[in-house]
$ cat coords-v9.txt   # compact mmCIF, C-alpha atoms
# COMPACT_ATOMS: atom_id res chain seq x y z
CA MET E 842 26.92 -7.17 -6.91
CA GLY E 843 30.35 -7.80 -5.47
CA THR E 844 33.14 -5.29 -5.17
CA ASP E 845 35.01 -6.85 -8.12
CA ALA E 846 32.02 -6.86 -10.43
CA ASN E 847 32.39 -4.87 -13.64
CA TYR E 848 29.08 -4.23 -15.39
CA GLN E 849 28.28 -1.86 -18.22
CA PHE E 850 24.77 -0.90 -19.30
CA ILE E 851 23.89 0.14 -22.83
CA SER E 852 20.62 1.76 -23.90
CA THR E 853 19.70 1.36 -27.55
CA GLY E 854 16.78 2.39 -29.72
CA VAL E 855 15.53 1.25 -33.13
CA GLN E 856 13.81 3.49 -35.65
CA GLU E 857 12.03 2.02 -38.62
CA GLU E 858 12.92 3.50 -41.96
CA ALA E 859 10.08 4.77 -44.08
CA LYS E 860 9.45 2.62 -47.09
CA ALA E 861 10.40 4.16 -50.37
CA GLU E 862 7.01 3.56 -51.92
CA ALA E 863 3.90 1.41 -51.56
CA GLU E 864 3.33 -1.60 -53.75
CA LYS E 865 1.70 -0.85 -57.04
CA LEU E 866 -1.82 -2.06 -57.66
CA PRO E 867 -2.36 -4.71 -60.33
CA GLU E 868 -3.60 -3.47 -63.69
CA VAL E 869 -7.17 -4.17 -64.73
CA LYS E 870 -7.71 -5.59 -68.22
CA PRO E 871 -9.47 -3.16 -70.63
CA GLU E 872 -12.15 -5.68 -71.53
CA ALA E 873 -13.22 -6.07 -67.91
CA ALA E 874 -16.27 -4.24 -66.64
CA PRO E 875 -15.48 -0.78 -65.18
CA GLN E 876 -14.76 -1.02 -61.47
CA GLU E 877 -13.72 1.38 -58.73
CA PRO E 878 -9.98 0.91 -58.30
CA ALA E 879 -8.70 -0.53 -55.04
CA LYS E 880 -7.33 2.11 -52.67
CA PRO E 881 -3.76 1.79 -51.38
CA ALA E 882 -3.43 0.58 -47.78
CA THR E 883 -1.34 2.54 -45.28
CA GLU E 884 0.11 1.50 -41.91
CA THR E 885 -0.28 3.90 -39.03
CA PRO E 886 2.77 4.16 -36.75
CA GLU E 887 0.57 4.22 -33.64
CA SER E 888 -1.42 1.02 -34.09
CA GLY E 889 0.31 -0.90 -36.85
CA GLU E 890 -3.07 -1.75 -38.42
CA THR E 891 -3.89 -1.16 -42.10
CA GLU E 892 -6.86 0.85 -43.13
CA ALA E 893 -8.18 2.15 -46.42
CA GLU E 894 -6.94 5.66 -47.15
CA SER E 895 -9.73 8.02 -48.06
CA SER E 896 -8.51 11.41 -49.25
CA PRO E 897 -10.99 13.94 -50.64
CA GLU E 898 -8.37 15.29 -53.10
CA LYS E 899 -7.93 11.93 -54.94
CA THR E 900 -10.38 11.08 -57.73
CA PRO E 901 -11.11 7.56 -58.97
CA GLU E 902 -8.57 6.50 -61.55
CA PRO E 903 -9.71 4.90 -64.84
CA ALA E 904 -9.48 1.14 -65.17
CA GLY E 905 -6.23 -0.15 -66.52
CA GLU E 906 -4.04 2.50 -64.88
CA THR E 907 -1.91 2.06 -61.80
CA ALA E 908 -2.19 4.24 -58.69
CA ASP E 909 0.57 6.67 -57.80
CA PRO E 910 2.98 5.38 -55.15
CA VAL E 911 2.13 6.51 -51.61
CA GLN E 912 4.86 7.58 -49.17
CA GLU E 913 4.27 6.26 -45.64
CA PRO E 914 4.84 8.75 -42.80
CA ALA E 915 7.97 8.08 -40.82
CA PRO E 916 7.22 6.69 -37.35
CA LYS E 917 7.95 8.89 -34.36
CA GLU E 918 11.31 8.30 -32.77
CA ARG E 919 11.07 6.74 -29.31
CA ALA E 920 12.37 8.79 -26.43
CA ILE E 921 15.57 7.28 -25.07
CA LYS E 922 16.72 8.11 -21.55
CA PRO E 923 20.43 8.68 -20.98
CA LEU E 924 22.31 5.88 -19.28
CA LYS E 925 23.10 8.05 -16.26
CA ASP E 926 19.36 8.50 -15.60
CA ILE E 927 18.46 4.81 -15.61
CA LYS E 928 21.66 3.13 -14.37
CA GLU E 929 20.58 3.00 -10.72
CA GLU E 930 17.10 1.79 -11.69
CA VAL E 931 18.58 -1.01 -13.81
CA LYS E 932 20.98 -2.05 -11.05
CA ARG E 933 18.18 -2.09 -8.50
CA SER E 934 15.94 -4.11 -10.81
CA MET E 935 18.71 -6.65 -11.46
CA ALA E 936 19.44 -7.00 -7.74
CA GLU E 937 15.81 -7.34 -6.63
CA GLU E 938 15.15 -10.93 -7.72
CA PRO E 939 18.40 -12.40 -6.30
CA ALA E 940 17.77 -10.51 -3.06
CA MET E 941 14.25 -11.95 -2.77
CA GLU E 942 15.59 -15.46 -3.36
CA ALA E 943 18.33 -15.02 -0.75
CA MET E 944 15.82 -13.67 1.78
CA THR E 945 13.46 -16.60 1.21
CA LYS E 946 16.29 -19.14 1.67
CA ALA E 947 17.50 -17.44 4.87
CA ILE E 948 13.98 -17.34 6.36
CA THR E 949 13.42 -21.00 5.46
CA LYS E 950 16.69 -22.19 7.02
CA ALA E 951 16.16 -20.18 10.19
CA SER E 952 12.59 -21.48 10.41
CA VAL E 953 13.85 -25.08 10.36
CA PHE E 954 16.17 -24.29 13.26
CA VAL E 955 13.37 -22.67 15.32
CA GLN E 956 10.99 -25.54 14.46
CA ASP E 957 13.50 -28.04 15.82
CA ASN E 958 13.74 -26.09 19.08
CA TYR E 959 9.92 -25.92 19.25
CA GLU E 960 9.55 -29.69 18.89
CA LYS E 961 12.16 -30.31 21.59
CA ARG E 962 10.25 -28.05 23.99
CA LEU E 963 6.99 -29.86 23.19
CA ARG E 964 8.52 -33.23 24.00
CA TRP E 965 9.92 -31.86 27.26
CA GLU E 966 6.64 -30.21 28.33
CA PHE E 967 4.61 -33.39 27.76
CA ASP E 968 7.12 -35.64 29.48
CA GLU E 969 5.54 -36.87 32.71
CA LYS E 970 8.94 -37.21 34.35
CA LYS E 971 10.32 -33.89 33.17
CA ASN E 972 12.60 -31.87 35.38
CA ALA E 973 13.96 -28.34 35.15
CA GLU E 974 17.49 -29.52 34.33
CA ASP E 975 16.31 -31.10 31.05
CA GLU E 976 14.49 -28.00 29.80
CA PRO E 977 15.82 -27.01 26.34
CA ALA E 978 18.14 -24.04 26.47
CA ALA E 979 16.88 -20.72 25.21
CA MET E 980 17.79 -19.95 21.60
CA ASP E 981 20.67 -17.58 20.98
CA LEU E 982 18.84 -15.05 18.80
CA ASP E 983 21.96 -13.01 18.07
CA SER E 984 23.72 -16.12 16.75
CA ILE E 985 20.71 -17.10 14.60
CA ALA E 986 20.47 -13.61 13.12
CA ALA E 987 24.19 -13.50 12.34
CA GLN E 988 24.25 -17.00 10.85
CA TYR E 989 21.38 -16.35 8.42
CA ASN E 990 22.05 -12.63 7.84
CA LEU E 991 18.75 -11.56 9.43
CA VAL E 992 17.75 -8.68 11.70
CA LYS E 993 16.69 -9.64 15.23
CA LYS E 994 13.99 -7.82 17.16
CA GLU E 995 12.15 -8.62 20.40
CA THR E 996 8.85 -6.85 21.04
CA GLY E 997 8.65 -7.82 24.71
CA LEU E 998 5.28 -8.45 26.33
CA VAL E 999 2.72 -6.38 24.36
CA ASP E 1000 -1.04 -6.04 24.29
CA PHE E 1001 -3.22 -5.66 21.20
CA THR E 1002 -2.85 -1.87 21.00
CA GLU E 1003 0.92 -1.98 21.33
CA LEU E 1004 1.31 -4.74 18.76
CA SER E 1005 -0.99 -2.89 16.32
CA ALA E 1006 1.38 0.10 16.42
CA ASP E 1007 4.42 -2.14 15.82
CA ALA E 1008 5.79 -2.74 12.31
CA LEU E 1009 5.13 -6.48 12.60
CA GLY E 1010 1.59 -6.16 13.91
CA SER E 1011 0.59 -3.60 11.27
CA ILE E 1012 1.35 -5.97 8.35
CA ARG E 1013 -1.88 -6.69 6.48
CA VAL E 1014 -2.58 -10.25 5.36
CA PHE E 1015 -5.23 -11.52 2.95
CA GLN E 1016 -7.87 -13.72 4.57
CA ASN E 1017 -11.21 -14.91 3.24
CA MET E 1018 -14.07 -13.56 5.34
CA MET E 1019 -17.84 -13.95 5.07
CA VAL E 1020 -19.32 -10.67 3.77
CA GLN E 1021 -23.04 -10.58 2.97
CA GLY E 1022 -23.18 -14.37 2.87
CA ARG E 1023 -20.24 -14.91 0.51
CA GLN E 1024 -16.49 -15.37 0.80
CA SER E 1025 -14.60 -12.13 0.27
CA PRO E 1026 -10.83 -11.53 0.54
CA GLN E 1027 -10.05 -9.05 3.33
CA LEU E 1028 -6.80 -7.36 4.33
CA ILE E 1029 -6.49 -8.06 8.06
CA PRO E 1030 -3.69 -6.67 10.28
CA LEU E 1031 -1.47 -9.38 11.74
CA SER E 1032 -2.11 -8.08 15.28
CA GLN E 1033 -5.82 -8.76 14.84
CA ILE E 1034 -5.12 -12.26 13.53
CA LEU E 1035 -2.82 -13.13 16.44
CA PHE E 1036 -5.10 -11.87 19.20
CA SER E 1037 -8.26 -13.34 17.66
CA ASN E 1038 -6.52 -16.75 17.76
CA PHE E 1039 -4.75 -16.10 21.08
CA THR E 1040 -5.75 -19.40 22.70
CA GLY E 1041 -4.58 -21.36 19.67
CA LEU E 1042 -1.08 -19.90 19.64
CA ASN E 1043 1.69 -22.30 20.65
CA GLU E 1044 4.73 -20.85 22.32
CA TYR E 1045 7.92 -21.00 20.22
CA GLU E 1046 6.06 -22.31 17.15
CA PRO E 1047 7.59 -20.49 14.11
CA ASN E 1048 5.43 -18.65 11.59
CA THR E 1049 6.27 -16.47 8.60
CA VAL E 1050 4.54 -13.48 7.04
CA ASP E 1051 5.40 -11.34 3.99
CA ASP E 1052 4.88 -7.59 3.91
CA ASN E 1053 4.13 -7.30 0.20
CA TRP E 1054 2.45 -3.90 0.43
CA ASN E 1055 4.99 -1.69 2.15
CA THR E 1056 8.53 -2.90 2.90
CA ARG E 1057 8.68 -6.08 0.76
CA ASN E 1058 10.25 -7.78 3.78
CA SER E 1059 9.61 -11.28 5.12
CA TYR E 1060 9.34 -11.99 8.84
CA LEU E 1061 9.95 -15.13 10.89
CA TYR E 1062 8.21 -14.78 14.26
CA TRP E 1063 7.05 -16.82 17.23
CA VAL E 1064 5.37 -16.17 20.58
CA ALA E 1065 7.73 -16.67 23.52
CA GLN E 1066 5.27 -15.89 26.33
CA LYS E 1067 1.51 -15.60 26.77
CA VAL E 1068 -0.23 -13.87 29.67
CA ASP E 1069 -3.99 -13.92 30.19
CA THR E 1070 -5.79 -10.59 30.41
CA LYS E 1071 -6.22 -9.24 33.93
CA ILE E 1072 -6.82 -6.00 35.81
CA PRO E 1073 -3.42 -4.92 37.15
CA SER E 1074 -2.91 -3.41 40.57
CA LEU E 1075 -2.01 0.26 40.91
CA GLU E 1076 1.62 -0.64 41.58
CA GLU E 1077 1.76 -2.82 38.45
CA ALA E 1078 0.08 -0.18 36.29
CA GLU E 1079 2.00 2.81 37.61
CA SER E 1080 4.59 2.83 34.82
CA GLU E 1081 1.85 2.63 32.16
CA VAL E 1082 -0.08 5.46 33.83
CA VAL E 1083 3.02 7.63 33.79
CA LYS E 1084 3.64 6.75 30.14
CA TYR E 1085 0.04 7.66 29.25
CA TRP E 1086 0.29 11.00 31.10
CA LYS E 1087 3.52 11.88 29.29
CA LYS E 1088 1.93 10.99 25.96
CA GLN E 1089 -0.98 13.35 26.65
CA GLN E 1090 1.39 16.19 27.54
CA ALA E 1091 3.47 15.53 24.42
CA PHE E 1092 0.28 15.56 22.34
CA LYS E 1093 -0.59 19.06 23.60
CA LEU E 1094 2.89 20.37 22.77
CA ALA E 1095 2.78 18.80 19.31
CA MET E 1096 -0.63 20.36 18.65
CA LYS E 1097 0.77 23.82 19.49
CA ASP E 1098 3.64 23.31 17.03
CA ALA E 1099 1.23 22.11 14.35
CA GLU E 1100 -1.02 25.15 14.81
CA LYS E 1101 2.07 27.38 14.50
CA TYR E 1102 2.96 25.80 11.15
CA GLN E 1103 -0.67 26.06 10.09
CA LYS E 1104 -0.53 29.84 10.62
CA PHE E 1105 2.69 30.09 8.57
CA VAL E 1106 1.01 28.31 5.66
CA ASN E 1107 -2.23 30.31 5.82
CA ASP E 1108 -0.26 33.58 5.95
CA GLY E 1109 2.00 32.49 3.09
CA GLY E 1110 -0.13 33.96 0.32
CA GLY E 1111 -0.99 30.67 -1.38
CA LYS E 1112 2.56 29.31 -1.48
CA LEU E 1113 3.28 25.62 -1.19
CA MET E 1114 4.32 24.43 2.25
CA SER E 1115 7.69 23.30 0.84
CA GLU E 1116 8.41 26.85 -0.37
CA LEU E 1117 8.01 28.53 3.03
CA ASP E 1118 11.14 29.29 5.04
CA ASP E 1119 9.27 28.92 8.34
CA VAL E 1120 8.38 25.27 7.64
CA PRO E 1121 11.22 22.69 7.84
CA SER E 1122 11.55 21.14 4.39
CA ALA E 1123 12.61 17.82 5.92
CA LYS E 1124 9.18 17.43 7.49
CA VAL E 1125 7.21 18.12 4.28
CA VAL E 1126 5.95 14.96 2.54
CA LYS E 1127 4.04 14.86 -0.76
CA THR E 1128 1.26 12.33 -0.30
CA GLY E 1129 -0.02 12.33 -3.87
CA ALA E 1130 -3.73 11.94 -4.61
CA PHE E 1131 -5.79 9.73 -2.31
CA THR E 1132 -9.41 8.96 -1.52
CA TRP E 1133 -11.28 8.99 1.79
CA PHE E 1134 -11.72 5.21 1.82
CA SER E 1135 -9.91 2.39 0.07
CA SER E 1136 -11.90 -0.68 -0.97
CA PHE E 1137 -8.97 -2.87 -2.00
CA GLY E 1138 -9.60 -6.12 -0.13
CA SER E 1139 -11.67 -4.48 2.59
CA THR E 1140 -13.07 -1.01 3.03
CA ARG E 1141 -10.84 1.07 5.29
CA PHE E 1142 -9.39 4.55 5.45
CA SER E 1143 -6.85 5.19 2.71
CA SER E 1144 -3.13 5.17 3.47
CA PRO E 1145 -1.60 8.35 1.98
CA VAL E 1146 2.17 8.28 1.43
CA GLY E 1147 4.00 9.43 4.56
CA VAL E 1148 0.95 9.18 6.85
CA THR E 1149 0.75 6.52 9.56
CA GLY E 1150 -2.73 5.35 10.54
CA ALA E 1151 -4.84 8.06 8.89
CA GLY E 1152 -8.29 8.05 10.47
CA GLU E 1153 -11.57 9.92 10.43
CA LYS E 1154 -10.21 13.26 11.68
CA PHE E 1155 -7.34 13.23 9.19
CA MET E 1156 -9.72 12.63 6.29
CA GLU E 1157 -12.13 15.32 7.51
CA ALA E 1158 -9.32 17.87 7.57
CA ALA E 1159 -7.92 16.75 4.21
CA PHE E 1160 -11.23 16.99 2.36
CA SER E 1161 -12.67 20.09 4.05
CA THR E 1162 -9.61 22.38 3.87
CA GLU E 1163 -9.50 24.89 1.00
CA GLN E 1164 -6.86 24.64 -1.70
CA PHE E 1165 -3.44 25.99 -0.56
CA LYS E 1166 -4.80 26.51 2.96
CA ALA E 1167 -3.70 24.36 5.91
CA GLY E 1168 -5.64 22.10 8.22
CA VAL E 1169 -4.52 20.25 11.35
CA ALA E 1170 -5.48 16.72 12.39
CA GLU E 1171 -4.07 13.84 14.39
CA ASN E 1172 -3.88 10.27 13.18
CA GLU E 1173 -6.07 7.45 14.47
CA SER E 1174 -3.71 6.43 17.29
CA ARG E 1175 -3.17 10.09 18.31
CA ASP E 1176 0.60 9.70 18.36
CA THR E 1177 1.26 12.01 15.38
CA ILE E 1178 -0.25 15.35 14.34
CA TYR E 1179 -0.23 16.45 10.70
CA VAL E 1180 -0.52 19.83 9.01
CA ILE E 1181 -2.38 19.18 5.75
CA GLN E 1182 -2.28 21.43 2.68
CA PRO E 1183 -4.39 20.40 -0.35
CA VAL E 1184 -2.60 21.52 -3.53
CA VAL E 1185 -5.02 20.15 -6.14
CA GLU E 1186 -8.63 21.23 -6.14
CA GLY E 1187 -10.97 18.28 -6.58
CA LYS E 1188 -14.70 17.73 -6.62
CA ASP E 1189 -16.55 18.24 -3.38
CA ILE E 1190 -16.77 14.98 -1.45
CA GLU E 1191 -20.57 15.22 -1.31
CA ILE E 1192 -20.77 15.48 -5.12
CA VAL E 1193 -18.41 12.56 -5.64
CA GLY E 1194 -20.28 10.42 -3.11
CA GLN E 1195 -23.67 11.34 -4.55
CA ASP E 1196 -22.57 10.44 -8.09
CA PHE E 1197 -21.22 7.11 -6.87
CA LEU E 1198 -24.38 6.21 -4.95
CA THR E 1199 -26.64 7.30 -7.82
CA ASN E 1200 -24.82 5.03 -10.25
CA GLN E 1201 -24.73 2.07 -7.86
CA LEU E 1202 -28.27 2.28 -6.49
CA PHE E 1203 -30.24 3.36 -9.55
CA LYS E 1204 -28.12 2.29 -12.52
CA PHE E 1205 -26.72 -1.01 -11.23
CA LYS E 1206 -29.52 -1.71 -8.70
CA ARG E 1207 -27.18 -2.72 -5.90
CA ILE E 1208 -26.02 -1.58 -2.49
CA PRO E 1209 -22.24 -1.19 -2.83
CA ASP E 1210 -19.98 -3.32 -0.65
CA GLU E 1211 -18.12 -0.11 0.20
CA VAL E 1212 -21.28 1.34 1.76
CA GLN E 1213 -21.96 -1.83 3.75
CA GLN E 1214 -18.41 -2.06 5.08
CA ALA E 1215 -18.14 1.66 5.82
CA SER E 1216 -21.41 1.47 7.75
CA GLN E 1217 -19.92 -1.33 9.86
CA ILE E 1218 -17.01 0.96 10.80
CA TYR E 1219 -19.35 3.75 11.93
CA ARG E 1220 -21.62 1.25 13.70
CA ARG E 1221 -18.67 -0.18 15.62
CA ASP E 1222 -17.49 3.29 16.67
CA ALA E 1223 -21.01 4.29 17.71
CA LEU E 1224 -21.41 1.13 19.80
CA MET E 1225 -18.08 1.69 21.55
CA ASP E 1226 -19.06 5.28 22.39
CA TRP E 1227 -22.44 4.06 23.67
CA TYR E 1228 -20.85 1.38 25.86
CA GLU E 1229 -18.45 3.90 27.38
CA GLU E 1230 -21.29 6.32 28.10
CA VAL E 1231 -23.40 3.58 29.73
CA ASN E 1232 -20.47 2.48 31.88
CA ASP E 1233 -19.86 6.05 33.01
CA ARG E 1234 -23.51 6.75 33.81
CA MET E 1235 -24.14 3.43 35.55
CA LYS E 1236 -20.76 3.57 37.29
CA VAL E 1237 -19.94 0.03 36.16
CA LYS E 1238 -16.90 -1.56 37.75
CA ILE E 1239 -15.17 -4.54 36.14
CA LEU E 1240 -13.82 -6.85 38.82
CA ASP E 1241 -11.04 -9.34 38.31
CA ARG E 1242 -12.19 -12.91 38.91

$ encode --input "coords-v9.txt" --output "structure tokens"
Amino acid sequence: MGTDANYQFISTGVQEEAKAEAEKLPEVKPEAAPQEPAKPATETPESGETEAESSPEKTPEPAGETADPVQEPAPKERAIKPLKDIKEEVKRSMAEEPAMEAMTKAITKASVFVQDNYEKRLRWEFDEKKNAEDEPAAMDLDSIAAQYNLVKKETGLVDFTELSADALGSIRVFQNMMVQGRQSPQLIPLSQILFSNFTGLNEYEPNTVDDNWNTRNSYLYWVAQKVDTKIPSLEEAESEVVKYWKKQQAFKLAMKDAEKYQKFVNDGGGKLMSELDDVPSAKVVKTGAFTWFSSFGSTRFSSPVGVTGAGEKFMEAAFSTEQFKAGVAENESRDTIYVIQPVVEGKDIEIVGQDFLTNQLFKFKRIPDEVQQASQIYRRDALMDWYEEVNDRMKVKILDR
């Protein structure tokens, strides 16, 4: 909405009035054979359906007499929220659709501009008489972002692990995959899609992806440079080695802080983490209820609110820690450590899993897809551990060709 806009929101409610009386039943002629009189129909406020009213106090009336009028119960009044409580929600809802349309138009227009630059570069690269002076100029990303009201970001040269930790690479996209001999929609991270099709990527070719699960943002992206995998020299890898060493030292310091907060919670006498003075309230996030695995699209670890990349150790701590006690676990990428406090006592994970398997295997006579896909995760991890152990024992050295 613009600065000069003047909108008012009104919340109204309607309450049905109870009918004064039900319609009278038609009289039965005296000469007709005795019959049980029809019972008055009533309308329930909850369902709106009519059903015969059977009351033990009422006795059958003689033929030829009309039934007493029946008073319908007044429907319950609907709860109406004050305008001040819903005004922001209404404004946000009204602004959402125009914002989505504007974002789609901006992405489309910018994509046309990048596509034109891509085609010019293709023609130049395949020109047998090309020279450096005719190479298309690099795009002015700041100008493009300003013109189409977009946010510019350059990732730099990244590998699979680095892109997976980036906001763009972590976007999950639906793709049909073969699972047990049939097509099944799977949620695949964009980083995995890009690196699995690395040889087929064309430099400067624009692509778009929508993050419908988290940020509701759309992204226009392209690859500006590709470098084949190689074993770097010590001089080339020195900066990465230093970065890795610093990360390990930071991990140890973060673990000490997490264990300190864990002690505060366990000594708090069953209080919630948010109620303890020793725990910064700004760092406390309510995740809500979640399961160990999520089978929406593809089986993977669940994504609790406020947790980035929850993995096996996080789930083990979450489901093995007693109610109102605290557990400590790092996420899958080991760049964040969480102090976990279960506040709702649920069924033991073994009982829940046993009930699920019993129903699936013996009642429905099937091996669940969740079991098959979870087993693939554990099989992959076991194979990776085995390969690393073999390499260490055999002292395998990978040489650059």

$ atom_distance --input "coords-v9.txt" --atom1 "CA of Gln1024 in chain E" --atom2 "CA of Thr1040 in chain E"
24.7 Å

$ closest_residue --input "coords-v9.txt" --among "E:Gly997, E:Gly1110, E:Val1146, E:Glu1171" --to "Gln1066 in chain E" --atoms "only C-alpha atoms"
E:Gly997

$ atom_distance --input "coords-v9.txt" --atom1 "CA of Thr1056 in chain E" --atom2 "CA of Glu1044 in chain E"
26.7 Å

$ residues_near_point --input "coords-v9.txt" --point "(11.7, -6.3, 9.2)" --cutoff "8 Å" --atoms "only C-alpha atoms" --output "list in words"
Val992, Ala1008, Leu1009, Thr1056, Asn1058, Ser1059 and Tyr1060 of chain E

$ closest_residue --input "coords-v9.txt" --among "E:Gln956, E:Ser1174, E:Gln1033, E:Ser1122" --to "Tyr1062 in chain E" --atoms "all atoms listed in the file"
E:Gln956

$ closest_residue --input "coords-v9.txt" --among "E:Met941, E:Leu1004, E:Val1184, E:Ala987" --to "Gly1111 in chain E" --atoms "all atoms listed in the file"
E:Val1184

$ residues_around --input "coords-v9.txt" --residues "Met1018 in chain E" --least-positions-apart "6" --cutoff "10 Å" --atoms "all atoms listed in the file" --output "list in words"
Gln1024, Ser1025, Pro1026, Gln1027, Leu1028, Ile1029 and Ser1139 of chain E

$ write_last_selection --input "coords-v9.txt" --atoms "C-alpha atoms" --output "PDB file, in the coordinates of the input"
ATOM      1  CA  GLN E1024     -16.490 -15.370   0.800  1.00  0.00           C
ATOM      2  CA  SER E1025     -14.600 -12.130   0.270  1.00  0.00           C
ATOM      3  CA  PRO E1026     -10.830 -11.530   0.540  1.00  0.00           C
ATOM      4  CA  GLN E1027     -10.050  -9.050   3.330  1.00  0.00           C
ATOM      5  CA  LEU E1028      -6.800  -7.360   4.330  1.00  0.00           C
ATOM      6  CA  ILE E1029      -6.490  -8.060   8.060  1.00  0.00           C
ATOM      7  CA  SER E1139     -11.670  -4.480   2.590  1.00  0.00           C
TER       8      SER E1139
END

$ closest_residue --input "coords-v9.txt" --among "E:Thr949, E:Asn1172, E:Asn1038, E:Asn958" --to "Met1096 in chain E" --atoms "all atoms listed in the file"
E:Asn1172

$ residues_around --input "coords-v9.txt" --residues "Ile1181 in chain E" --least-positions-apart "6" --cutoff "8 Å" --atoms "only C-alpha atoms" --output "PDB file with C-alpha atoms, keeping the file's coordinate frame"
ATOM      1  CA  ALA E1158      -9.320  17.870   7.570  1.00  0.00           C
ATOM      2  CA  ALA E1159      -7.920  16.750   4.210  1.00  0.00           C
ATOM      3  CA  ALA E1167      -3.700  24.360   5.910  1.00  0.00           C
ATOM      4  CA  GLY E1168      -5.640  22.100   8.220  1.00  0.00           C
ATOM      5  CA  VAL E1169      -4.520  20.250  11.350  1.00  0.00           C
ATOM      6  CA  ALA E1170      -5.480  16.720  12.390  1.00  0.00           C
TER       7      ALA E1170
END

$ residues_around --input "coords-v9.txt" --residues "Pro1047 in chain E" --least-positions-apart "2" --cutoff "7 Å" --atoms "all atoms listed in the file" --output "ChimeraX atom specification"
/E:952,955-956,1045,1049,1061-1063

$ axis_aligned_box --input "coords-v9.txt" --around "range 1074-1091 of chain E" --padding-each-side "8 Å" --output "lines of an AutoDock Vina configuration file"
center_x = 0.8
center_y = 6.4
center_z = 33.0
size_x = 23.5
size_y = 35.6
size_z = 33.2

$ atom_distance --input "coords-v9.txt" --atom1 "CA of Asn1053 in chain E" --atom2 "CA of Phe1015 in chain E"
10.6 Å

$ closest_residue --input "coords-v9.txt" --among "E:Glu1153, E:Glu1173, E:Asp968, E:Asp957" --to "Ser1005 in chain E" --atoms "only C-alpha atoms"
E:Glu1173

$ closest_residue --input "coords-v9.txt" --among "E:Lys928, E:Ala1215, E:Asp1226, E:Val953" --to "Ser1135 in chain E" --atoms "only C-alpha atoms"
E:Ala1215

$ residues_around --input "coords-v9.txt" --residues "Arg1057 in chain E" --least-positions-apart "6" --cutoff "12 Å" --atoms "only C-alpha atoms" --output "MDAnalysis selection string"
chainID E and resid 937:938 940:941 944:945 1012 1050:1051

$ write_last_selection --input "coords-v9.txt" --atoms "C-alpha atoms" --output "PDB file, in the frame of the given file"
ATOM      1  CA  GLU E 937      15.810  -7.340  -6.630  1.00  0.00           C
ATOM      2  CA  GLU E 938      15.150 -10.930  -7.720  1.00  0.00           C
ATOM      3  CA  ALA E 940      17.770 -10.510  -3.060  1.00  0.00           C
ATOM      4  CA  MET E 941      14.250 -11.950  -2.770  1.00  0.00           C
ATOM      5  CA  MET E 944      15.820 -13.670   1.780  1.00  0.00           C
ATOM      6  CA  THR E 945      13.460 -16.600   1.210  1.00  0.00           C
ATOM      7  CA  ILE E1012       1.350  -5.970   8.350  1.00  0.00           C
ATOM      8  CA  VAL E1050       4.540 -13.480   7.040  1.00  0.00           C
ATOM      9  CA  ASP E1051       5.400 -11.340   3.990  1.00  0.00           C
TER      10      ASP E1051
END

$ build_atoms --input "coords-v9.txt" --residues "range 940-950 of chain E" --atoms "N, CA and C atoms" --output "compact mmCIF listing (two decimals), in the frame of the given file"
# COMPACT_ATOMS: atom_id res chain seq x y z
N ALA E 940 17.94 -10.85 -4.47
CA ALA E 940 17.77 -10.51 -3.06
C ALA E 940 16.55 -11.21 -2.48
N MET E 941 15.46 -11.27 -3.24
CA MET E 941 14.25 -11.95 -2.77
C MET E 941 14.52 -13.44 -2.57
N GLU E 942 15.26 -14.05 -3.48
CA GLU E 942 15.59 -15.46 -3.36
C GLU E 942 16.46 -15.71 -2.13
N ALA E 943 17.45 -14.85 -1.92
CA ALA E 943 18.33 -15.02 -0.75
C ALA E 943 17.54 -14.85 0.54
N MET E 944 16.62 -13.89 0.58
CA MET E 944 15.82 -13.67 1.78
C MET E 944 14.93 -14.88 2.06
N THR E 945 14.33 -15.44 1.03
CA THR E 945 13.46 -16.60 1.21
C THR E 945 14.25 -17.80 1.74
N LYS E 946 15.46 -18.02 1.20
CA LYS E 946 16.29 -19.14 1.67
C LYS E 946 16.69 -18.94 3.13
N ALA E 947 17.08 -17.71 3.50
CA ALA E 947 17.50 -17.44 4.87
C ALA E 947 16.35 -17.65 5.85
N ILE E 948 15.15 -17.17 5.50
CA ILE E 948 13.98 -17.34 6.36
C ILE E 948 13.65 -18.82 6.52
N THR E 949 13.75 -19.57 5.41
CA THR E 949 13.42 -21.00 5.46
C THR E 949 14.40 -21.76 6.35
N LYS E 950 15.69 -21.48 6.20
CA LYS E 950 16.69 -22.19 7.02
C LYS E 950 16.55 -21.84 8.50
